[in-house]
>>> print(open('start_38.cif').read())   # mmCIF, C-alpha atoms
data_input
loop_
_atom_site.label_atom_id
_atom_site.label_comp_id
_atom_site.auth_asym_id
_atom_site.auth_seq_id
_atom_site.Cartn_x
_atom_site.Cartn_y
_atom_site.Cartn_z
CA MET A 1 123.58 136.18 96.53
CA THR A 2 121.89 138.92 98.59
CA THR A 3 119.28 138.10 101.21
CA PRO A 4 116.43 136.58 99.19
CA SER A 5 112.87 137.88 99.22
CA TYR A 6 110.19 135.32 98.40
CA TYR A 7 106.43 135.66 98.33
CA ALA A 8 104.56 134.08 101.25
CA PRO A 9 100.74 134.08 101.57
CA ALA A 10 99.34 136.34 104.25
CA GLY A 11 95.68 135.31 104.23
CA GLY A 12 93.03 137.92 104.95
CA LEU A 13 89.90 138.48 102.86
CA PRO A 14 89.10 140.79 99.95
CA THR A 15 86.65 143.59 100.60
CA GLN A 16 83.03 143.25 99.55
CA ALA A 17 83.72 145.88 96.85
CA GLU A 18 86.20 143.71 94.91
CA LEU A 19 85.33 141.66 91.83
CA LEU A 20 85.60 137.89 92.18
CA THR A 21 87.33 137.53 88.81
CA ASP A 22 90.74 135.92 89.24
CA ARG A 23 93.17 133.68 87.39
CA ALA A 24 92.26 130.35 89.03
CA ILE A 25 92.13 127.55 86.45
CA VAL A 26 91.45 123.83 86.91
CA THR A 27 91.78 121.47 83.93
CA GLU A 28 92.62 117.81 83.41
CA ALA A 29 96.13 118.77 82.25
CA TYR A 30 97.03 121.54 84.70
CA THR A 31 95.83 123.71 87.55
CA VAL A 32 96.72 127.29 88.47
CA ILE A 33 96.05 128.44 92.04
CA PRO A 34 96.74 132.19 92.12
CA ARG A 35 97.96 133.84 95.28
CA GLY A 36 94.77 135.88 95.51
CA VAL A 37 92.72 132.83 96.52
CA LEU A 38 95.00 131.81 99.41
CA ARG A 39 92.74 133.34 102.05
CA ASP A 40 92.05 132.64 105.71
CA ILE A 41 88.89 130.62 105.03
CA VAL A 42 90.71 127.94 103.01
CA THR A 43 93.42 127.09 105.54
CA SER A 44 93.64 123.79 107.41
CA ASN A 45 94.97 122.83 110.81
CA LEU A 46 97.58 120.08 110.81
CA PRO A 47 97.37 117.28 113.40
CA GLY A 48 100.32 117.38 115.76
CA TRP A 49 101.10 121.03 115.02
CA THR A 50 100.36 124.04 117.24
CA LYS A 51 99.73 127.67 116.23
CA THR A 52 100.01 126.58 112.60
CA ARG A 53 97.85 126.90 109.51
CA ALA A 54 98.38 125.44 106.06
CA TRP A 55 97.14 126.05 102.55
CA VAL A 56 97.04 122.68 100.78
CA LEU A 57 98.22 123.36 97.22
CA ALA A 58 98.30 119.79 95.90
CA ARG A 59 97.25 116.33 97.08
CA PRO A 60 96.73 112.96 95.38
CA ILE A 61 93.18 113.02 94.03
CA ALA A 62 91.47 111.83 90.86
CA GLY A 63 92.17 114.31 88.06
CA PHE A 64 94.91 116.10 89.98
CA ALA A 65 98.26 115.31 91.59
CA THR A 66 99.19 111.63 91.74
CA THR A 67 102.68 111.48 93.30
CA PHE A 68 102.96 114.23 95.90
CA ALA A 69 101.37 116.74 98.27
CA GLN A 70 102.45 120.35 98.70
CA TYR A 71 101.53 122.98 101.29
CA SER A 72 102.18 126.61 102.13
CA VAL A 73 102.61 126.54 105.90
CA GLU A 74 102.57 129.45 108.36
CA VAL A 75 103.71 128.91 111.96
CA ALA A 76 102.99 131.65 114.50
CA PRO A 77 105.46 132.50 117.29
CA GLY A 78 105.52 129.68 119.83
CA GLY A 79 104.13 127.18 117.35
CA GLY A 80 105.52 124.10 115.64
CA SER A 81 105.50 120.34 115.97
CA ASP A 82 107.42 117.64 117.82
CA HIS A 83 106.13 115.03 115.33
CA PRO A 84 105.54 116.75 111.96
CA GLU A 85 105.16 113.63 109.81
CA GLU A 86 102.65 110.89 110.65
CA GLU A 87 103.64 108.53 107.82
CA ALA A 88 107.00 106.79 108.20
CA ALA A 89 107.27 106.05 104.46
CA VAL A 90 107.02 109.72 103.45
CA GLU A 91 109.98 111.96 102.58
CA SER A 92 109.87 115.75 102.64
CA VAL A 93 111.46 118.97 101.49
CA VAL A 94 111.02 122.10 103.60
CA PHE A 95 111.87 125.45 101.97
CA VAL A 96 111.62 128.61 104.07
CA LEU A 97 110.00 131.68 102.49
CA SER A 98 110.16 134.13 105.41
CA GLY A 99 110.90 134.22 109.11
CA ALA A 100 113.12 131.81 111.02
CA LEU A 101 112.35 128.12 111.57
CA ASP A 102 114.13 126.08 114.23
CA LEU A 103 114.62 122.59 112.80
CA VAL A 104 116.05 119.62 114.65
CA LEU A 105 116.78 116.91 112.08
CA GLU A 106 118.27 113.57 113.12
CA GLY A 107 119.55 115.19 116.32
CA GLU A 108 121.18 118.24 114.67
CA SER A 109 119.80 121.74 115.24
CA HIS A 110 119.43 124.27 112.43
CA VAL A 111 117.99 127.79 112.23
CA MET A 112 116.50 128.09 108.75
CA GLU A 113 115.76 131.57 107.41
CA ALA A 114 114.55 132.66 103.96
CA GLY A 115 116.17 130.36 101.39
CA GLY A 116 116.75 127.56 103.89
CA TYR A 117 116.25 124.10 102.37
CA ALA A 118 115.99 120.78 104.22
CA TYR A 119 115.65 117.29 102.79
CA VAL A 120 113.97 114.98 105.30
CA PRO A 121 114.23 111.29 104.34
CA ALA A 122 111.45 108.82 105.05
CA GLY A 123 111.50 107.65 108.65
CA ALA A 124 113.69 110.53 109.87
CA THR A 125 113.30 112.02 113.34
CA TRP A 126 112.64 115.75 113.19
CA THR A 127 110.93 118.65 114.93
CA VAL A 128 110.13 122.24 113.92
CA ALA A 129 109.46 125.31 116.04
CA ASN A 130 109.08 129.06 115.73
CA THR A 131 110.94 130.53 118.70
CA GLY A 132 110.97 134.05 117.25
CA THR A 133 108.54 136.94 117.42
CA GLU A 134 107.33 136.90 113.80
CA PRO A 135 105.47 134.21 111.81
CA VAL A 136 107.53 131.84 109.69
CA SER A 137 106.30 130.66 106.29
CA PHE A 138 107.58 127.73 104.27
CA GLN A 139 106.79 125.38 101.44
CA TRP A 140 106.43 121.72 102.43
CA VAL A 141 106.60 119.02 99.75
CA ARG A 142 105.77 115.43 100.73
CA LYS A 143 106.11 112.22 98.71
CA GLU A 144 105.97 108.50 99.45
CA TYR A 145 109.55 107.31 99.09
CA GLU A 146 110.18 104.46 96.67
CA PRO A 147 113.13 102.47 98.09
CA LEU A 148 115.77 101.15 95.71
CA ALA A 149 118.11 98.31 96.65
CA GLY A 150 121.65 99.54 97.30
CA TYR A 151 120.69 103.21 97.74
CA ARG A 152 119.68 105.33 100.71
CA ALA A 153 118.73 109.00 100.73
CA THR A 154 120.16 110.87 103.73
CA ALA A 155 119.12 114.08 105.46
CA PHE A 156 120.76 117.41 104.69
CA VAL A 157 120.19 121.14 105.21
CA THR A 158 121.45 123.89 102.92
CA ARG A 159 120.39 127.28 101.50
CA ASP A 160 119.40 128.68 98.14
CA GLN A 161 122.16 131.28 98.64
CA ASP A 162 124.84 128.59 99.02
CA VAL A 163 124.11 126.49 95.91
CA ALA A 164 125.34 127.86 92.59
CA PRO A 165 122.72 127.72 89.81
CA ARG A 166 123.68 125.67 86.76
CA GLU A 167 123.15 127.46 83.47
CA MET A 168 121.16 125.53 80.90
CA PRO A 169 123.16 124.85 77.71
CA ASP A 170 123.27 127.61 75.09
CA THR A 171 121.22 130.09 77.16
CA ASP A 172 123.99 132.53 78.21
CA GLY A 173 122.64 132.43 81.76
CA ALA A 174 119.08 133.41 80.85
CA TRP A 175 117.81 130.05 82.20
CA ALA A 176 119.43 128.28 85.15
CA THR A 177 118.55 125.60 87.69
CA THR A 178 119.60 125.40 91.33
CA ARG A 179 119.92 121.66 91.98
CA PHE A 180 120.00 120.65 95.62
CA VAL A 181 120.78 116.98 94.89
CA ASP A 182 122.85 115.33 92.18
CA PRO A 183 120.39 114.43 89.40
CA ASP A 184 122.31 111.19 88.82
CA ASP A 185 121.99 110.05 92.44
CA LEU A 186 119.45 107.22 92.30
CA ALA A 187 118.91 107.44 96.06
CA HIS A 188 116.55 110.34 95.32
CA ASP A 189 113.20 109.67 93.67
CA MET A 190 112.15 113.32 93.67
CA HIS A 191 113.89 116.58 92.90
CA VAL A 192 112.83 119.89 94.40
CA ASN A 193 114.89 122.52 92.59
CA ILE A 194 114.73 126.25 91.95
CA VAL A 195 114.45 127.41 88.35
CA THR A 196 115.51 130.96 87.47
CA PHE A 197 114.82 132.95 84.31
CA GLN A 198 116.31 136.35 83.68
CA PRO A 199 113.95 138.91 82.07
CA GLY A 200 113.26 137.75 78.53
CA GLY A 201 114.49 134.20 79.24
CA THR A 202 112.45 131.36 77.81
CA ILE A 203 111.89 127.64 77.69
CA PRO A 204 112.19 127.60 73.89
CA PHE A 205 110.22 124.41 73.26
CA ALA A 206 107.12 122.71 74.62
CA GLU A 207 108.49 120.29 77.21
CA THR A 208 106.40 117.10 77.20
CA HIS A 209 107.60 114.47 79.68
CA VAL A 210 106.62 111.82 82.19
CA MET A 211 107.50 113.88 85.30
CA GLU A 212 104.65 115.46 87.22
CA HIS A 213 105.29 119.01 88.45
CA GLY A 214 104.36 121.29 91.30
CA LEU A 215 105.61 124.87 90.81
CA TYR A 216 105.46 127.56 93.49
CA VAL A 217 106.48 130.98 92.15
CA LEU A 218 109.00 132.57 94.51
CA GLU A 219 109.72 135.80 92.65
CA GLY A 220 108.79 137.75 89.54
CA LYS A 221 106.25 137.12 86.81
CA ALA A 222 105.99 135.30 83.50
CA VAL A 223 103.70 133.93 80.86
CA TYR A 224 103.56 130.13 81.11
CA ARG A 225 102.49 127.78 78.34
CA LEU A 226 100.29 125.08 79.84
CA ASN A 227 98.86 122.55 77.38
CA ASP A 228 97.09 124.77 74.80
CA ASP A 229 97.04 127.95 76.88
CA TRP A 230 99.32 130.85 77.75
CA VAL A 231 98.70 131.84 81.39
CA GLU A 232 100.07 134.83 83.31
CA VAL A 233 101.64 133.90 86.65
CA GLN A 234 103.36 135.87 89.39
CA ALA A 235 105.07 135.45 92.76
CA GLY A 236 102.88 133.46 95.14
CA ASP A 237 101.03 131.50 92.44
CA PHE A 238 101.07 127.70 92.35
CA MET A 239 100.89 125.48 89.26
CA TRP A 240 100.29 121.74 89.02
CA LEU A 241 101.20 120.04 85.74
CA ARG A 242 100.19 116.47 85.06
CA ALA A 243 102.59 114.06 83.37
CA PHE A 244 103.01 114.83 79.66
CA CYS A 245 101.37 118.28 79.89
CA PRO A 246 103.15 120.44 77.27
CA GLN A 247 104.87 123.35 79.00
CA ALA A 248 107.03 126.36 78.17
CA CYS A 249 107.74 129.77 79.64
CA TYR A 250 108.55 133.38 78.80
CA ALA A 251 109.83 135.56 81.67
CA GLY A 252 108.42 139.05 81.50
CA GLY A 253 110.65 140.98 83.90
CA PRO A 254 111.52 143.51 85.17
CA GLY A 255 113.34 141.20 87.61
CA PRO A 256 114.18 137.48 87.62
CA PHE A 257 111.37 134.92 87.53
CA ARG A 258 112.04 132.09 90.01
CA TYR A 259 110.03 129.09 91.12
CA LEU A 260 110.39 126.06 93.37
CA LEU A 261 109.91 122.98 91.18
CA TYR A 262 108.91 119.46 92.25
CA LYS A 263 109.27 116.48 89.93
CA ASP A 264 109.31 112.71 90.38
CA VAL A 265 112.41 111.02 88.90
CA ASN A 266 114.79 108.06 88.86
CA ARG A 267 112.40 105.14 89.15
CA GLN A 268 111.16 102.46 86.75
CA VAL A 269 107.57 102.79 85.60
CA ARG A 270 105.61 100.46 87.87
CA LEU A 271 103.12 98.24 86.03
CA THR A 272 102.11 95.90 88.85
CA THR A 273 100.74 96.48 92.32
CA ARG A 274 103.19 96.31 95.20
#
>>> encode(input="start_38.cif", output="structure tokens")
Amino acid sequence: MTTPSYYAPAGGLPTQAELLTDRAIVTEAYTVIPRGVLRDIVTSNLPGWTKTRAWVLARPIAGFATTFAQYSVEVAPGGGSDHPEEEAAVESVVFVLSGALDLVLEGESHVMEAGGYAYVPAGATWTVANTGTEPVSFQWVRKEYEPLAGYRATAFVTRDQDVAPREMPDTDGAWATTRFVDPDDLAHDMHVNIVTFQPGGTIPFAETHVMEHGLYVLEGKAVYRLNDDWVEVQAGDFMWLRAFCPQACYAGGPGPFRYLLYKDVNRQVRLTTR
């Protein structure tokens, strides 16, 4: 795989001459946050981080995400955090979009460039820093870890370029998934994968399932079926899909359509309070 090129938000503001019409959609079944609304005025500072700003794409809130939070994070040169996570019960995935991120995870140092992927288990010791001269942008997915007796998720760092996509059955490579953890490993209660469609590739049925999704589009464009609607999406857009929201996809080309996909998995449906 050649050096990847993913979309990362750059902020800024539209001019006063531009129309406000955009593709932002919020419904009970799904939400689309297009890249055009990720502007400077909607960023947040993160406690414990320096020279950093974040666009919060999803958070647990009534009528929206219930299992996870997801951010687009930009760290300026000299910025970072010695204590990125305040909640010991929260696990994370960090996926680098651009720049170079210095990660120290459980005592091991890593330089993560575009395509770099780190799984940070709940309670892990880690730090992040930008020691370069250019900003670094990454996706950060956070979820409360649900422990399971006899299993323990452990930290690892890899790259998109180093994990072979698995073709979906009977698709002749038009639809493939890059799986960073074994889907049968019950130590993991969330998967953050990359889904790739070649031009013209489709999800040929309306998926309707219990897993909640967060989708950040890394490359390309497509028409996505969300509940009753067909919605155009492109690199830099974010989609949230509630559990059981019907979903399908048609990749429009001219290049591959790729997105980072969160879903909650591998746990019994909880019917009582903890």
>>> residues_around(input="start_38.cif", residues="region 128-142 of chain A", least_positions_apart="2", cutoff="6 Å", atoms="all atoms listed in the file", output="MDAnalysis selection string")
chainID A and resid 68:81 91:103
>>> resolve_selection(input="start_38.cif", expression="the PyMOL selection byres ((chain A and resi 212) around 6)", output="PyMOL selection string")
chain A and resi 211+213+241-243+263
>>> atom_distance(input="start_38.cif", atom1="CA of Leu105 (chain A)", atom2="CA of Trp126 (chain A)")
4.4 Å
>>> residues_around(input="start_38.cif", residues="Val90 (chain A)", least_positions_apart="4", cutoff="12 Å", atoms="all atoms listed in the file", output="PDB file with C-alpha atoms, in the frame of the given file")
ATOM      1  CA  THR A  67     102.680 111.480  93.300  1.00  0.00           C
ATOM      2  CA  PHE A  68     102.960 114.230  95.900  1.00  0.00           C
ATOM      3  CA  ALA A  69     101.370 116.740  98.270  1.00  0.00           C
ATOM      4  CA  PRO A  84     105.540 116.750 111.960  1.00  0.00           C
ATOM      5  CA  GLU A  85     105.160 113.630 109.810  1.00  0.00           C
ATOM      6  CA  GLU A  86     102.650 110.890 110.650  1.00  0.00           C
ATOM      7  CA  TYR A 119     115.650 117.290 102.790  1.00  0.00           C
ATOM      8  CA  VAL A 120     113.970 114.980 105.300  1.00  0.00           C
ATOM      9  CA  PRO A 121     114.230 111.290 104.340  1.00  0.00           C
ATOM     10  CA  ALA A 122     111.450 108.820 105.050  1.00  0.00           C
ATOM     11  CA  GLY A 123     111.500 107.650 108.650  1.00  0.00           C
ATOM     12  CA  ALA A 124     113.690 110.530 109.870  1.00  0.00           C
ATOM     13  CA  THR A 125     113.300 112.020 113.340  1.00  0.00           C
ATOM     14  CA  VAL A 141     106.600 119.020  99.750  1.00  0.00           C
ATOM     15  CA  ARG A 142     105.770 115.430 100.730  1.00  0.00           C
ATOM     16  CA  LYS A 143     106.110 112.220  98.710  1.00  0.00           C
ATOM     17  CA  GLU A 144     105.970 108.500  99.450  1.00  0.00           C
ATOM     18  CA  TYR A 145     109.550 107.310  99.090  1.00  0.00           C
ATOM     19  CA  GLU A 146     110.180 104.460  96.670  1.00  0.00           C
ATOM     20  CA  PRO A 147     113.130 102.470  98.090  1.00  0.00           C
ATOM     21  CA  ASP A 189     113.200 109.670  93.670  1.00  0.00           C
ATOM     22  CA  MET A 190     112.150 113.320  93.670  1.00  0.00           C
TER      23      MET A 190
END
>>> residues_around(input="start_38.cif", residues="Val233 (chain A)", least_positions_apart="4", cutoff="10 Å", atoms="all atoms listed in the file", output="ChimeraX atom specification")
/A:23,32-35,217,220-224,237-239,251-252,257
>>> closest_residue(input="start_38.cif", among="A:Val231, A:Leu261, A:Glu219, A:Gly173", to="Asp22 (chain A)", atoms="all atoms listed in the file")
A:Val231
>>> resolve_selection(input="start_38.cif", expression="the PyMOL selection byres ((chain A and resi 246) around 7)", output="PyMOL selection string")
chain A and resi 206-208+226-227+244-245+247
>>> write_last_selection(input="start_38.cif", atoms="C-alpha atoms", output="compact mmCIF listing (two decimals), in the coordinates of the input")
# COMPACT_ATOMS: atom_id res chain seq x y z
CA ALA A 206 107.12 122.71 74.62
CA GLU A 207 108.49 120.29 77.21
CA THR A 208 106.40 117.10 77.20
CA LEU A 226 100.29 125.08 79.84
CA ASN A 227 98.86 122.55 77.38
CA PHE A 244 103.01 114.83 79.66
CA CYS A 245 101.37 118.28 79.89
CA GLN A 247 104.87 123.35 79.00
